[in-house]
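Here the structure comes first, spelled out in structure tokens, and everything after it is commentary.
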Amino acid sequence: MRTLELQLPKHLYTETRSPDGTVTDITYAPEKLIAWYEYSRGDAIDRWYQAICDREIEAIDSWEDNQFLLQEEYWLEQEDGLDDDAAEVQYDLACQAIAREAASRRNAVMTRIDDTKAAIEELVAQSREYIAAHQPAEPVDNTFMVLLALGGAIALIFMLIS
């Protein structure tokens, strides 16, 4: 899964532009990704994808309601005041098909969200490895050596004075 397919927040991406101003490359910043992932005790990813999931489920609910209304309008046009059991059975079957399709779409959204979360967690792990591999070596702390030399100098001065 490419990072653009993960639907990450826009502030995590870095754009590279050509001199004429067109975007030539979009990459994510590993440091920003890790900071975002760890924000608020690590639940930023859950809140982000819950918002996406809520929007998509709401769209599916709207589609389902609209399909039910269309089916009901069609059935009322076809019924024409007659009490036809076969038409009612067809109406019920059509409504059940709409409900199954909506449930299938909801399941697909949940599966995609779970797969995307797993891909982001993998990307965060890769980012941590990348940062660890590309960190500059820590400077050697010479404080102990300086204090030892200073102590030796003070001891030498004290011996010369006494």
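The way I read the labels, and the way they are meant: chains A, B, ... in the order of the structure tokens, residue 1 as the first residue of every chain, and ligand 1 as the first ligand shown, with later ones counted on from there.
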
Residues near segment 43-51 of chain A, cut-off 8 Å, only C-alpha atoms, skip fewer than 6 positions along chain, as a PyMOL selection string: chain A and resi 36-37+113+117

Restricting the output to all heavy atoms, write the selected residues as a short mmCIF file (atom, residue, chain, number, x, y, z; two decimals), in the first residue's frame.
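Written file, out.cif:
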data_model
loop_
_atom_site.label_atom_id
_atom_site.label_comp_id
_atom_site.auth_asym_id
_atom_site.auth_seq_id
_atom_site.Cartn_x
_atom_site.Cartn_y
_atom_site.Cartn_z
N TRP A 36 2.65 12.02 15.09
CA TRP A 36 1.19 11.96 14.94
C TRP A 36 0.66 10.65 15.52
O TRP A 36 -0.34 10.64 16.22
CB TRP A 36 0.80 12.09 13.47
CG TRP A 36 -0.65 11.85 13.20
CD1 TRP A 36 -1.68 12.68 13.49
CD2 TRP A 36 -1.23 10.69 12.59
NE1 TRP A 36 -2.87 12.13 13.10
CE2 TRP A 36 -2.62 10.90 12.54
CE3 TRP A 36 -0.71 9.51 12.08
CZ2 TRP A 36 -3.49 9.96 12.00
CZ3 TRP A 36 -1.58 8.57 11.55
CH2 TRP A 36 -2.95 8.82 11.51
N TYR A 37 1.35 9.56 15.24
CA TYR A 37 0.92 8.24 15.70
C TYR A 37 0.92 8.17 17.23
O TYR A 37 0.04 7.57 17.83
CB TYR A 37 1.85 7.18 15.12
CG TYR A 37 1.50 5.77 15.52
CD1 TYR A 37 0.45 5.10 14.90
CD2 TYR A 37 2.21 5.10 16.51
CE1 TYR A 37 0.12 3.80 15.26
CE2 TYR A 37 1.89 3.81 16.86
CZ TYR A 37 0.84 3.17 16.23
OH TYR A 37 0.52 1.89 16.60
N ILE A 113 -10.50 -0.28 6.54
CA ILE A 113 -9.98 0.53 7.65
C ILE A 113 -9.01 -0.30 8.49
O ILE A 113 -7.92 0.17 8.84
CB ILE A 113 -11.14 1.08 8.51
CG1 ILE A 113 -12.00 2.07 7.72
CG2 ILE A 113 -10.62 1.70 9.80
CD1 ILE A 113 -11.34 3.37 7.36
N LYS A 117 -5.08 0.53 8.93
CA LYS A 117 -4.46 0.72 10.25
C LYS A 117 -3.22 -0.16 10.39
O LYS A 117 -2.18 0.29 10.88
CB LYS A 117 -5.45 0.41 11.37
CG LYS A 117 -6.46 1.48 11.64
CD LYS A 117 -7.32 1.03 12.82
CE LYS A 117 -8.41 1.99 13.14
NZ LYS A 117 -9.23 1.53 14.27
#

All strand (DSSP E) positions in segment 11-43 of chain A, as an NGL selection string: :A and (13-17 or 23-28)

Spatial neighbours of segment 87-99 of chain A, max dist 7 Å, only C-alpha atoms, sep filter under 2 positions, as a ChimeraX atom specification: /A:64,67-68,75,84-85,101-103
